[in-house]
>>> print(open('start.txt').read())   # compact mmCIF, C-alpha atoms and all ligand atoms
# COMPACT_ATOMS: atom_id res chain seq x y z
CA MET A 70 0.00 0.00 0.00
CA ALA A 71 1.34 3.44 -0.86
CA THR A 72 2.13 5.87 1.92
CA GLN A 73 -0.65 8.42 2.34
CA TRP A 74 0.49 12.01 1.96
CA PRO A 75 -1.47 14.64 3.88
CA ASN A 76 -0.90 17.22 1.19
CA LYS A 77 0.72 17.63 -2.19
CA SER A 78 3.73 19.64 -1.02
CA GLU A 79 4.82 16.74 1.21
CA ARG A 80 5.08 14.25 -1.62
CA PRO A 81 8.60 13.17 -2.50
CA GLN A 82 9.80 13.97 -5.98
CA LYS A 83 8.85 11.48 -8.62
CA ALA A 84 11.68 8.98 -8.39
CA ARG A 85 13.33 8.64 -11.75
CA LYS A 86 14.16 5.23 -13.14
CA THR A 87 17.25 3.90 -11.36
CA GLN A 88 20.20 3.09 -13.54
CA GLN A 89 21.82 -0.35 -13.37
CA LEU A 90 24.15 -0.82 -10.43
CA ALA A 91 27.00 -2.49 -12.33
CA GLY A 92 30.11 -0.33 -12.02
CA LYS A 93 28.41 2.17 -9.71
CA VAL A 94 30.13 3.21 -6.50
CA ALA A 95 28.21 2.90 -3.24
CA VAL A 96 28.91 3.80 0.39
CA ILE A 97 26.97 2.02 3.13
CA THR A 98 27.25 3.04 6.80
CA GLY A 99 26.76 0.54 9.63
CA ALA A 100 27.62 -2.16 7.11
CA SER A 101 29.42 -4.78 9.16
CA ARG A 102 26.24 -6.67 10.03
CA GLY A 103 22.43 -6.64 9.88
CA LEU A 104 20.66 -4.78 7.10
CA GLY A 105 23.80 -2.86 6.07
CA LEU A 106 25.69 -6.09 5.46
CA GLU A 107 22.81 -7.58 3.45
CA LEU A 108 22.57 -4.43 1.33
CA ALA A 109 26.34 -4.57 0.71
CA ARG A 110 26.00 -8.20 -0.37
CA GLU A 111 23.25 -7.27 -2.86
CA PHE A 112 25.09 -4.24 -4.23
CA VAL A 113 28.24 -6.32 -4.80
CA ARG A 114 26.17 -9.09 -6.37
CA GLN A 115 24.80 -6.55 -8.84
CA GLY A 116 28.30 -5.41 -9.79
CA ALA A 117 28.61 -2.26 -7.71
CA ARG A 118 31.89 -1.24 -6.08
CA VAL A 119 31.08 -0.88 -2.40
CA VAL A 120 32.69 0.93 0.51
CA MET A 121 31.41 -0.71 3.69
CA SER A 122 31.77 1.64 6.63
CA ASP A 123 31.18 1.10 10.33
CA ILE A 124 32.29 2.40 13.68
CA ALA A 125 35.45 0.52 14.83
CA HIS A 126 34.01 -2.94 14.31
CA ASP A 127 36.00 -6.16 14.53
CA GLU A 128 33.89 -7.81 11.87
CA LEU A 129 34.04 -5.04 9.27
CA HIS A 130 37.35 -5.97 7.65
CA ARG A 131 36.49 -9.67 7.59
CA VAL A 132 33.07 -9.29 5.94
CA ALA A 133 34.29 -6.63 3.49
CA ALA A 134 37.15 -8.88 2.37
CA GLU A 135 34.71 -11.77 2.04
CA LEU A 136 32.46 -9.71 -0.27
CA GLY A 137 35.32 -8.09 -2.19
CA ALA A 138 34.35 -4.65 -0.85
CA GLN A 139 36.40 -1.86 0.68
CA ALA A 140 36.29 -1.46 4.48
CA TYR A 141 36.39 2.01 6.04
CA ILE A 142 36.09 2.74 9.75
CA ALA A 143 34.08 5.90 10.50
CA ASP A 144 31.69 7.14 13.16
CA VAL A 145 28.55 8.70 11.62
CA THR A 146 28.28 11.11 14.56
CA ASN A 147 31.53 12.73 13.40
CA GLU A 148 30.75 14.95 10.40
CA GLN A 149 34.41 15.35 9.49
CA ALA A 150 34.73 11.55 9.33
CA MET A 151 31.75 11.40 6.92
CA PHE A 152 33.31 14.00 4.63
CA GLU A 153 36.58 12.05 4.72
CA LEU A 154 34.69 8.86 3.85
CA ALA A 155 33.09 10.57 0.83
CA ALA A 156 36.44 12.03 -0.26
CA PHE A 157 38.18 8.65 0.18
CA THR A 158 35.53 6.97 -1.97
CA LYS A 159 35.84 9.56 -4.75
CA ARG A 160 39.64 9.34 -4.63
CA THR A 161 39.67 5.53 -4.68
CA PHE A 162 36.93 4.83 -7.23
CA GLY A 163 36.60 8.09 -9.13
CA SER A 164 32.94 8.70 -8.28
CA LEU A 165 30.28 8.35 -5.62
CA ASP A 166 26.92 7.26 -7.04
CA LEU A 167 24.99 5.95 -4.04
CA TRP A 168 25.16 6.70 -0.33
CA VAL A 169 23.21 4.57 2.15
CA ASN A 170 22.62 6.10 5.59
CA ASN A 171 22.04 2.85 7.45
CA ALA A 172 23.93 3.03 10.79
CA GLY A 173 21.50 3.09 13.69
CA LEU A 174 21.18 2.65 17.42
CA TRP A 175 18.27 1.44 19.54
CA MET A 176 17.60 1.24 23.25
CA PRO A 177 15.66 -1.37 25.23
CA HIS A 178 12.03 -0.49 25.88
CA CYS A 179 11.36 1.31 29.17
CA PRO A 180 9.01 3.92 30.63
CA ILE A 181 9.90 7.54 29.82
CA GLU A 182 10.82 8.30 33.46
CA GLN A 183 13.39 5.51 33.44
CA MET A 184 15.04 6.36 30.13
CA SER A 185 18.75 7.09 30.26
CA LEU A 186 18.95 10.58 28.75
CA ASP A 187 22.59 9.97 27.88
CA ARG A 188 21.47 7.06 25.76
CA VAL A 189 18.68 9.11 24.15
CA HIS A 190 21.19 11.84 23.26
CA ARG A 191 23.50 9.20 21.74
CA MET A 192 20.58 7.71 19.78
CA VAL A 193 19.68 11.12 18.37
CA GLU A 194 23.35 11.68 17.49
CA VAL A 195 23.47 8.42 15.53
CA ASN A 196 19.92 8.14 14.12
CA LEU A 197 19.39 11.82 13.26
CA PHE A 198 22.77 13.55 13.04
CA GLY A 199 24.35 10.46 11.49
CA ILE A 200 21.95 10.87 8.56
CA ILE A 201 22.45 14.65 8.38
CA HIS A 202 26.24 14.21 8.32
CA GLY A 203 26.04 11.42 5.75
CA ALA A 204 23.73 13.40 3.49
CA ARG A 205 25.90 16.53 3.65
CA ALA A 206 29.03 14.50 2.87
CA ALA A 207 27.31 12.77 -0.06
CA LEU A 208 25.92 16.05 -1.42
CA ALA A 209 29.41 17.58 -1.40
CA VAL A 210 30.40 15.02 -4.06
CA MET A 211 27.06 14.52 -5.82
CA LYS A 212 25.79 18.08 -6.25
CA PRO A 213 28.69 19.33 -8.42
CA VAL A 214 28.07 16.47 -10.87
CA ARG A 215 24.28 16.76 -10.55
CA THR A 216 23.70 13.05 -10.05
CA GLY A 217 23.48 10.58 -7.20
CA ILE A 218 21.21 8.51 -5.01
CA ILE A 219 20.86 8.78 -1.23
CA ILE A 220 19.07 5.98 0.61
CA ASN A 221 18.01 6.64 4.20
CA ILE A 222 17.14 3.72 6.45
CA LEU A 223 14.48 4.99 8.82
CA SER A 224 11.92 2.73 10.55
CA THR A 225 8.20 2.31 10.97
CA SER A 226 8.99 3.80 14.40
CA ALA A 227 9.24 7.11 12.53
CA LEU A 228 5.60 6.77 11.51
CA ILE A 229 3.88 5.89 14.79
CA GLY A 230 4.39 6.19 18.54
CA ARG A 231 5.27 3.02 20.46
CA PRO A 232 4.92 2.72 24.23
CA GLY A 233 8.33 2.11 25.83
CA SER A 234 10.10 3.27 22.69
CA SER A 235 9.63 7.03 22.86
CA GLY A 236 13.35 7.87 22.51
CA TYR A 237 13.87 5.64 19.46
CA CYS A 238 10.60 6.80 17.85
CA ALA A 239 11.60 10.44 18.45
CA SER A 240 15.03 9.94 16.87
CA LYS A 241 13.58 8.22 13.79
CA CYS A 242 10.68 10.67 13.45
CA ALA A 243 13.10 13.62 13.56
CA ALA A 244 15.27 11.88 10.96
CA MET A 245 12.18 11.39 8.79
CA GLY A 246 11.54 15.15 8.84
CA PHE A 247 15.07 15.76 7.64
CA CYS A 248 14.92 13.04 4.98
CA LYS A 249 11.60 14.20 3.49
CA SER A 250 12.92 17.75 3.30
CA LEU A 251 16.17 16.50 1.77
CA ALA A 252 14.25 14.65 -0.96
CA LEU A 253 12.35 17.79 -1.92
CA GLU A 254 15.35 20.10 -1.66
CA VAL A 255 17.73 18.15 -3.92
CA ALA A 256 15.18 16.97 -6.48
CA ASP A 257 16.21 19.72 -8.91
CA ASP A 258 19.91 18.94 -8.44
CA GLY A 259 19.62 15.54 -10.12
CA ILE A 260 19.81 13.70 -6.79
CA VAL A 261 17.21 11.09 -5.88
CA VAL A 262 16.40 10.26 -2.27
CA TYR A 263 14.78 7.04 -1.09
CA ASN A 264 13.43 6.96 2.46
CA ILE A 265 12.95 3.41 3.72
CA TYR A 266 10.77 2.44 6.67
CA PRO A 267 11.32 -1.21 7.64
CA GLU A 268 9.35 -2.98 10.34
CA GLY A 269 11.23 -4.99 12.96
CA MET A 270 14.12 -7.09 11.61
CA GLN A 271 15.96 -9.97 13.25
CA THR A 272 19.32 -8.26 13.79
CA LYS A 273 21.77 -7.61 16.59
CA LEU A 274 20.29 -4.13 17.03
CA PHE A 275 18.37 -5.76 19.89
CA ASP A 276 21.32 -7.54 21.49
CA GLU A 277 20.67 -5.96 24.88
CA GLN A 278 17.01 -7.00 25.06
CA ARG A 279 15.02 -8.60 22.28
CA PRO A 280 11.41 -7.42 21.94
CA GLN A 281 8.78 -10.04 22.83
CA ASP A 282 7.66 -10.66 19.25
CA TYR A 283 11.23 -10.81 17.87
CA THR A 284 10.67 -14.22 16.27
CA ASP A 285 8.03 -12.65 13.97
CA TYR A 286 10.47 -9.99 12.78
CA LEU A 287 11.65 -9.72 9.17
CA ASP A 288 14.79 -11.37 7.86
CA PRO A 289 17.16 -8.46 6.94
CA ARG A 290 18.01 -10.32 3.71
CA VAL A 291 14.36 -10.05 2.65
CA VAL A 292 14.34 -6.33 3.49
CA ALA A 293 17.55 -5.79 1.48
CA MET A 294 15.99 -7.59 -1.49
CA LYS A 295 12.88 -5.42 -1.30
CA ILE A 296 15.02 -2.27 -1.23
CA MET A 297 16.94 -3.49 -4.30
CA LYS A 298 13.72 -4.41 -6.07
CA ASN A 299 12.35 -0.94 -5.43
CA LEU A 300 15.56 0.64 -6.75
CA SER A 301 15.24 -1.17 -10.05
CA ALA A 302 11.46 -0.82 -10.34
CA LYS A 303 9.95 1.07 -13.23
CA LYS A 304 8.38 3.49 -10.77
CA PRO A 305 10.39 3.26 -7.52
CA LYS A 306 8.78 4.56 -4.35
CA GLY A 307 10.59 7.56 -2.87
CA GLU A 308 8.93 6.70 0.45
CA PHE A 309 8.97 2.94 0.95
CA VAL A 310 7.41 1.17 3.95
CA ILE A 311 8.39 -2.50 4.39
CA ARG A 312 6.02 -4.35 6.68
CA ARG A 313 6.12 -7.80 8.23
CA ALA A 314 2.36 -8.06 8.60
CA LYS A 315 -0.74 -6.37 7.36
CA GLN A 316 -0.34 -3.21 9.42
CA LYS A 317 -1.12 0.34 8.40
CA TYR A 318 0.89 3.42 9.37
N1 LIG A 401 16.38 -4.21 13.38
C1 LIG A 401 15.20 -3.61 13.27
O1 LIG A 401 14.16 -4.11 13.74
C2 LIG A 401 15.07 -2.31 12.50
C3 LIG A 401 13.81 -1.91 12.07
C4 LIG A 401 13.67 -0.73 11.36
C5 LIG A 401 14.78 0.04 11.09
N2 LIG A 401 16.00 -0.37 11.54
C6 LIG A 401 17.15 0.47 11.21
O2 LIG A 401 17.93 -0.21 10.26
C7 LIG A 401 19.29 0.23 10.36
C8 LIG A 401 20.20 -0.99 10.46
O3 LIG A 401 19.91 -1.64 11.69
P1 LIG A 401 20.18 -3.18 11.98
O4 LIG A 401 18.95 -3.73 12.53
O5 LIG A 401 20.85 -3.81 10.84
O6 LIG A 401 21.18 -3.00 13.24
P2 LIG A 401 22.60 -3.59 13.61
O7 LIG A 401 22.69 -5.03 13.26
O8 LIG A 401 22.83 -3.18 15.03
O9 LIG A 401 23.59 -2.79 12.62
C9 LIG A 401 23.79 -1.42 12.81
C10 LIG A 401 25.27 -1.14 12.60
O10 LIG A 401 25.46 0.29 12.76
C11 LIG A 401 26.64 0.46 13.51
N3 LIG A 401 26.71 1.75 14.18
C12 LIG A 401 26.13 2.12 15.36
N4 LIG A 401 26.51 3.36 15.68
C13 LIG A 401 27.33 3.78 14.69
C14 LIG A 401 28.05 4.97 14.47
N5 LIG A 401 28.00 5.97 15.35
N6 LIG A 401 28.78 5.07 13.34
C15 LIG A 401 28.86 4.06 12.44
N7 LIG A 401 28.22 2.89 12.62
C16 LIG A 401 27.47 2.76 13.74
C17 LIG A 401 26.59 -0.68 14.52
O11 LIG A 401 27.87 -0.86 15.12
P3 LIG A 401 27.99 -1.24 16.71
O12 LIG A 401 27.69 -2.66 16.82
O13 LIG A 401 29.40 -0.95 17.07
O14 LIG A 401 26.98 -0.39 17.42
C18 LIG A 401 26.16 -1.84 13.64
O15 LIG A 401 27.25 -2.47 13.04
C19 LIG A 401 19.33 1.16 11.58
O16 LIG A 401 19.23 2.49 11.18
C20 LIG A 401 18.08 0.75 12.35
O17 LIG A 401 17.61 1.79 13.20
C21 LIG A 401 16.18 -1.53 12.21
>>> encode(input="start.txt", output="structure tokens")
Amino acid sequence: MATQWPNKSERPQKARKTQQLAGKVAVITGASRGLGLELAREFVRQGARVVMSDIAHDELHRVAAELGAQAYIADVTNEQAMFELAAFTKRTFGSLDLWVNNAGLWMPHCPIEQMSLDRVHRMVEVNLFGIIHGARAALAVMKPVRTGIIINILSTSALIGRPGSSGYCASKCAAMGFCKSLALEVADDGIVVYNIYPEGMQTKLFDEQRPQDYTDYLDPRVVAMKIMKNLSAKKPKGEFVIRRAKQKY
């Protein structure tokens, strides 16, 4: 089902037909595991040259070598590091065609009064500012050549409130505001933005405390496939909600 837009001005730009990925250069943040890793796998499979980035992660170099991708350690909360990642990619591969803002942080469900505000601040730094930094770094390379694709991994938690999850929902909802504005703002610069809203996925995001219905969650490989399918669709959705059940947001 298509996302309902309250008014015309909020609609994302009409996504143009995505070019083939073979030979394209892609950066993915938070790529050492979970959805980021599955997206990297798919991009490589389709012939893209991929820079897999993550915050100092033991696994990153191993999985990147396994896929034949480039590993690059960078913290998305550090804007300078994101600009360096974009510059490194351009220097190494000669272009930067796709940037996936995927890195994310969650916190175990708890009542608002018991939330660690330090953790909420960190979540906003990663889930909101991580995307802002990534987008600005990508635009620095993409805008001058008037082409590029930015994919933002949000969450259905951006679309609704969830008891016990106010901090995470707030961080994703704020990021959604940025991402929708980004899509509209760069539409005339030849840059296409895809905002993705997956439902729960079975990943290590929940290592500290798995939600009760975790076993019903989506396989991140399935979500990655759906994102790829949307990218190559005749009419890709600029705003793409990926559900695990028949739920409406
Ligand atoms: N899993 C779900 O149910 C679900 C649902 C909807 C949306 N999402 C979103 O999907 C995206 C991918 O999540 P996932 O489920 O695949 O989680 P994941 O398995 O935890 O992967 C996220 C990756 O991001 C990295 N990361 C965290 N902070 C970072 C930072 N400051 N800089 C760079 N990398 C950082 C993590 O590294 P560390 O291990 O070192 O933290 C981890 O490798 C996130 O944006 C998440 O919010 C997830």
>>> closest_residue(input="start.txt", among="A:Leu274, A:Leu90, A:Val189, A:Ile218", to="ligand LIG 401 (chain A)", atoms="all atoms listed in the file")
A:Leu274
>>> atom_distance(input="start.txt", atom1="CA of Ala109 (chain A)", atom2="CA of Asp257 (chain A)")
28.0 Å
>>> atom_distance(input="start.txt", atom1="atom C10 of ligand LIG 401 (chain A)", atom2="CA of Thr158 (chain A)")
19.6 Å
>>> closest_residue(input="start.txt", among="A:Ser226, A:Gln271, A:Pro305, A:Ser234", to="Arg290 (chain A)", atoms="only C-alpha atoms")
A:Gln271
>>> closest_atom_pairs(input="start.txt", of="chain A", to="ligand LIG 401 (chain A)", cutoff="6 Å", atoms="all atoms listed in the file", output="tab-separated table")
residue	atom	partner	partner_atom	distance
A:Thr98	CA	A:LIG401	N7	5.9
A:Gly99	CA	A:LIG401	O10	3.4
A:Ala100	CA	A:LIG401	O15	5.9
A:Ser101	CA	A:LIG401	O15	5.0
A:Arg102	CA	A:LIG401	O7	5.1
A:Gly103	CA	A:LIG401	O5	3.4
A:Leu104	CA	A:LIG401	O5	3.9
A:Gly105	CA	A:LIG401	O5	5.7
A:Asp123	CA	A:LIG401	N7	4.1
A:Ile124	CA	A:LIG401	C15	4.0
A:His126	CA	A:LIG401	O13	5.7
A:Ala143	CA	A:LIG401	C15	5.9
A:Asp144	CA	A:LIG401	N6	3.6
A:Val145	CA	A:LIG401	N6	4.0
A:Thr146	CA	A:LIG401	N5	5.2
A:Asn171	CA	A:LIG401	O16	4.7
A:Ala172	CA	A:LIG401	O10	3.7
A:Gly173	CA	A:LIG401	O16	3.4
A:Leu174	CA	A:LIG401	C12	5.4
A:Val195	CA	A:LIG401	N5	5.2
A:Ile222	CA	A:LIG401	O16	5.3
A:Leu223	CA	A:LIG401	C5	5.5
A:Ser224	CA	A:LIG401	C4	4.0
A:Pro267	CA	A:LIG401	C4	4.4
A:Glu268	CA	A:LIG401	C3	4.9
A:Gly269	CA	A:LIG401	O1	3.2
A:Met270	CA	A:LIG401	O1	3.7
A:Gln271	CA	A:LIG401	N1	5.8
A:Thr272	CA	A:LIG401	O7	4.7
A:Lys273	CA	A:LIG401	O7	4.3
A:Leu274	CA	A:LIG401	O8	3.4
>>> axis_aligned_box(input="start.txt", around="region 133-141 of chain A", padding_each_side="5 Å", output="JSON")
{"center_x": 34.8, "center_y": -4.9, "center_z": 1.9, "size_x": 14.7, "size_y": 23.8, "size_z": 18.2}
